[in-house]
Structures are given as C-alpha cells and as structure tokens.
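Structure first, then comments.
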Amino acid sequence: MSEQAVCAKEPIDLSTIIVNRNTHDLLAQCLQSVYDTTSNLDFEVIVVDNASTDGSQAMIRQRFPQVCLIENDQNAGFARANNQALTVSQGRYSLLLNSDTIVLPQALEKMIHFADAHAEAGIIGCKLLNSDGSLQESWASFPTFWSEVLGRNFRVRWLVTEQPLVYEVDWVGGACLLVRPAAINEVGLLDESFFMYSEETDWCFRMRRQGWKVYYLAGAEIVHLGGGSASRTSAAQLVRLYESKIRFFHKHYGAWQAGLLRYGLLAVNALGLARRALALPLQSQEREVRRRLAAQWHLICWLRRGQPVDVSPDLCSRLAIIDRTS
C-alpha cells in the first residue's frame, strides 16, 4: 500500500520523477538543483519514496512543500515506483531523475527543446558528469553475450549530423532519462519484473523495436554522483544486478541465450573469486576485500542454482543479513 499525493491537475511542460530510498541528503541536494536551475518551464516534481527510514519524507514536507510526494510503505523497486509517478504525471514529457544527481543550468530546458523539435524521439538521455567534471559514459549498445561476460559495454553512437552534440544510440542510462508520453502509450510502462537494474535498457529496446528513436544529448549536462540508494558490492545487489541481466536476455533473446549467459557469468565470477582470494594476503583493506569476496561467493551460489528469472524476497533479505555481518 502507498500514500498517494495530489499532483498537478493540468497539463504542464515537464514532470520530473525521482525515486528515493534513504538518500536524505542527496535527495535534498537534487531537489534544490532542480528548482534552482529550471526557470523557463512549467513543471512539477514527483518524489516516490520507497519506505525510507532516514527522515526523507519529513525533509520534503518541510523544505519542498511544492513536491508531489507519494509514500510507499515498502520498497516497491525502481520500475514500479517510477510507474506509480508516470500514471499520475501531467507533463508533456516525463523525466526520470536519480536522487544522486545535480541538475546543471539549462539542462532540462535543452532536453525539452530537443524533444519538441524531434517528434521521433521516444527517449532522450543527457551527458552525465562525475563529481570532478569528467565524463561518465551513460550510453551503450544493447548487451550481448560477450559484452556481459567480458564486462565491457560496446559504446557505439551515431552522430546526428544536422545537430551538434546529438547522437542516436541503442540505450541511455536511467539516471536522467526524458520520455515522451506518446511513446509510453504505444510501448508501455517500465517492466516491473525488473526490480532494479536493466529496466531502462529494456525500455529503450522496446522503444526502438517500435520505431522510436533513442538520443544522447551531449549538450545537456547533469552531475551524477553515484552510490545513492544501492551498493553493487553487496550480495543482495549483486544478485539483483545479475538477475536483471539474465532476465533481459530471457525476455528478448530467448531461454537458450539466457542459460548460456548464466553459465558464462558463473565461469568468469568463479575465476575472479579465485584470483582475488589468492591475492588477499597482499590487500591492505582486508575487511572490505573479504566482504566483496563473500558477496561474489553468494552470487556464484545463486548462479549455480539455475534461477534464470527470479530472485525471491527471502533470498534478498538473507543476503542483506550477510552484508551486515560480513
């Protein structure tokens, strides 16, 4: 169950959607940046809180009363929480924005202006920067067996020659993703079977399959700090990450390729675990290294069990206990 807020009643330019879980300080910084840098658009901000326990809800009510706040009494996951907001949003466009981002001046206006000029654009991503200003690569080609097993995204992009700093790509990351409602109406909402990770890749895949374009707009910049709601070094999050990869393959490439990917990931993780274990005496931060080894071991155990498309809540809760005690 969730507490439903009353959001905008009339059509507006943009609905900015932020899913939050225990990112109090990052969320406050993100919200402040949205309001500070977005002055030429009629917009709303919808925050879906996934049962935070860090006071995020009270902070929003006190500092940002204009935010439309939807409160879930349990962690609904990234895709479902975004869908909750998408179904009540009133914007001509909707922007999925991570809570660990800082919006830079004119970024959202540039994305809206580009979308208005390109009716074929279903999804538009922007240029993500690390905290030091360096480029954070946020586009890639659709995953293949080799890209997943080798852990290297093939980042192919095609320059749109009549538009400087604009590229057509296969998919863009979900940290900052503008989507056209007409495309959602044709393709559907985010697939809620992806609890976390790969949901934006799946969305872009479905968009392109239906003829919509996915663009990377390098002229619009946002800082993505990373590490907000989830740590990929925890056992539970590693399982969810790899489960989403296998789920994507199963959905779009078939059960045979999903099974092949599972065995490939099992092999490379087993080799990686052996290599790290042998190097353990040389590591200076043994506790952190041992925690990473424990997480990788539990990932290997999960891969060996042959669960191609499901992670039970009980498994994730048990892995979370391991994370806290290792």
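Residue numbering restarts at 1 for every chain of the structure tokens, chains are lettered A, B, ... in their displayed order, and ligands are numbered from 1 as they appear.
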Task: Residues within 8 Å of A:Leu178, only C-alpha atoms, excluding chain neighbours under 3 positions, as number ranges by chain - done: A: 93-96, 111, 123-125
Helix (DSSP H, G or I) residues, from DSSP on the backbone, in stretch 124-290 of chain A, as a short mmCIF file (atom, residue, chain, number, x, y, z; two decimals) with C-alpha atoms, in the first residue's frame:
data_model
loop_
_atom_site.label_atom_id
_atom_site.label_comp_id
_atom_site.auth_asym_id
_atom_site.auth_seq_id
_atom_site.Cartn_x
_atom_site.Cartn_y
_atom_site.Cartn_z
CA PHE A 145 26.88 -12.41 -24.50
CA TRP A 146 30.42 -11.13 -24.90
CA SER A 147 29.77 -7.66 -23.57
CA GLU A 148 28.23 -9.12 -20.41
CA VAL A 149 30.81 -11.85 -19.86
CA LEU A 150 33.75 -9.55 -20.53
CA PRO A 181 4.12 10.01 -23.17
CA ALA A 182 3.02 9.06 -26.70
CA ALA A 183 5.86 6.53 -26.79
CA ILE A 184 4.81 5.15 -23.40
CA ASN A 185 1.24 4.79 -24.65
CA GLU A 186 2.49 2.67 -27.55
CA VAL A 187 5.25 0.69 -25.84
CA GLU A 199 14.80 -1.66 -16.72
CA GLU A 200 15.91 1.32 -18.82
CA THR A 201 17.74 -0.97 -21.27
CA ASP A 202 14.57 -3.00 -21.67
CA TRP A 203 12.52 0.18 -22.17
CA CYS A 204 14.88 1.51 -24.84
CA PHE A 205 14.90 -1.90 -26.54
CA ARG A 206 11.10 -1.88 -26.73
CA MET A 207 11.07 1.73 -27.90
CA ARG A 208 13.49 1.11 -30.75
CA ARG A 209 11.66 -2.07 -31.74
CA ALA A 235 25.47 -9.61 -2.01
CA ALA A 236 21.81 -8.69 -2.45
CA GLN A 237 22.53 -6.00 -5.02
CA LEU A 238 24.96 -8.18 -6.96
CA VAL A 239 22.28 -10.85 -7.24
CA ARG A 240 19.75 -8.28 -8.40
CA LEU A 241 22.20 -6.86 -10.95
CA TYR A 242 23.00 -10.24 -12.49
CA GLU A 243 19.39 -11.40 -12.26
CA SER A 244 18.36 -8.39 -14.32
CA LYS A 245 20.97 -9.18 -16.97
CA ILE A 246 19.69 -12.74 -17.30
CA ARG A 247 16.07 -11.56 -17.26
CA PHE A 248 16.78 -9.18 -20.16
CA PHE A 249 18.34 -12.00 -22.21
CA HIS A 250 15.47 -14.36 -21.39
CA LYS A 251 12.86 -11.78 -22.40
CA HIS A 252 14.44 -10.55 -25.63
CA ALA A 255 15.79 -19.05 -22.81
CA TRP A 256 18.78 -20.67 -24.56
CA GLN A 257 20.81 -17.45 -24.63
CA ALA A 258 19.77 -16.63 -21.06
CA GLY A 259 21.05 -20.02 -19.93
CA LEU A 260 24.29 -19.57 -21.84
CA LEU A 261 24.78 -16.17 -20.23
CA ARG A 262 24.20 -17.62 -16.76
CA TYR A 263 26.94 -20.21 -17.26
CA GLY A 264 29.27 -17.61 -18.76
CA LEU A 265 28.76 -15.30 -15.78
CA LEU A 266 29.24 -18.23 -13.42
CA ALA A 267 32.58 -19.08 -15.04
CA VAL A 268 34.02 -15.55 -15.04
CA ASN A 269 32.91 -14.91 -11.45
CA ALA A 270 34.42 -18.19 -10.27
CA LEU A 271 37.73 -17.28 -11.91
CA GLY A 272 37.55 -13.77 -10.49
CA LEU A 273 36.86 -15.08 -6.99
CA ALA A 274 39.84 -17.44 -7.17
CA ARG A 275 42.12 -14.65 -8.36
CA ARG A 276 41.02 -12.26 -5.61
CA ALA A 277 41.28 -14.95 -2.94
CA LEU A 278 44.87 -15.70 -3.92
CA LEU A 280 44.05 -11.50 -0.38
CA PRO A 281 47.24 -11.50 1.76
CA LEU A 282 48.54 -8.61 -0.38
CA GLU A 286 41.23 -6.95 4.22
CA ARG A 287 37.80 -6.42 5.78
CA GLU A 288 36.40 -4.71 2.69
CA VAL A 289 38.03 -7.25 0.39
CA ARG A 290 36.59 -10.14 2.42
#
Task: Interatomic distance, atom CA of A:Leu189 to atom CA of A:Cys68 (Å, one decimal) - done: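 Atom CA of A:Cys68 lies 20.0 Å from atom CA of A:Leu189.
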- [ ] State, in Å with one decimal place, the distance from atom CA of A:Asp191 to atom CA of A:Asp13.
- [x] 25.0 Å
- [ ] Extract the full set of strand (DSSP E or B) residues from stretch 50-172 of chain A according to DSSP on the backbone, and format it as a PyMOL selection string.
- [x] chain A and resi 50+68-72+91-97+101-103+121-129+135-136+139-140+158-159+166-168+171-172
What are the closest atom pairs, with distances in Å to one decimal, for each residue of stretch 3-40 of chain A lying within 12 Å of stretch 217-222 of chain A, using only C-alpha atoms, rows by chain and rising residue number, as CSV?
residue,atom,partner,partner_atom,distance
A:Cys30,CA,A:Ile222,CA,10.4
A:Ser33,CA,A:Ile222,CA,10.0
A:Val34,CA,A:Ile222,CA,10.5
A:Thr37,CA,A:Ile222,CA,11.0
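If you measure from each of A:Tyr216, A:Tyr197, A:Phe114, A:Trp297 to A:Cys176 using only C-alpha atoms, the closest one turns out to be A:Tyr216.
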Task: atom CA of A:Gly174 to atom CA of A:Thr16, straight-line distance in Å - done: 12.7 Å
Which stretch 74-151 of chain A residues have any atom within 9 Å of an atom of stretch 20-25 of chain A, and for each, what is the nearest pair of atoms with distance in Å to one decimal, counting only C-alpha atoms, rows sorted by chain and number, as JSON lines?
{"residue": "A:Asn75", "atom": "CA", "partner": "A:Arg21", "partner_atom": "CA", "distance": 7.8}
{"residue": "A:Phe78", "atom": "CA", "partner": "A:Asn20", "partner_atom": "CA", "distance": 8.8}
{"residue": "A:Asn98", "atom": "CA", "partner": "A:Asn20", "partner_atom": "CA", "distance": 8.0}
{"residue": "A:Ser99", "atom": "CA", "partner": "A:Asn20", "partner_atom": "CA", "distance": 6.3}
{"residue": "A:Asp100", "atom": "CA", "partner": "A:Thr23", "partner_atom": "CA", "distance": 7.8}
Open item on the list: Applying 8 Å and only C-alpha atoms, which residues near A:Phe154 remain after dropping the ones on its own chain fewer than 3 positions away? List them as a PyMOL selection string.
Closed with: chain A and resi 140-141+143+147
Output N, CA and C atoms for every residue in that selection, as a short mmCIF file (atom, residue, chain, number, x, y, z; two decimals), in the first residue's frame.
data_model
loop_
_atom_site.label_atom_id
_atom_site.label_comp_id
_atom_site.auth_asym_id
_atom_site.auth_seq_id
_atom_site.Cartn_x
_atom_site.Cartn_y
_atom_site.Cartn_z
N ALA A 140 25.12 3.07 -24.38
CA ALA A 140 25.80 1.85 -24.82
C ALA A 140 24.95 1.14 -25.86
N SER A 141 25.57 0.20 -26.54
CA SER A 141 24.82 -0.69 -27.42
C SER A 141 24.10 -1.72 -26.57
N PRO A 143 23.08 -5.13 -24.87
CA PRO A 143 24.02 -6.14 -24.38
C PRO A 143 24.05 -7.38 -25.27
N SER A 147 29.68 -8.89 -24.36
CA SER A 147 29.77 -7.66 -23.57
C SER A 147 29.48 -7.91 -22.10
#
TODO: Determine the nearest neighbour of A:Ile17 from the options A:Glu71, A:Ala81, A:Asn40, A:Glu168, counting only C-alpha atoms.
DONE: A:Ala81
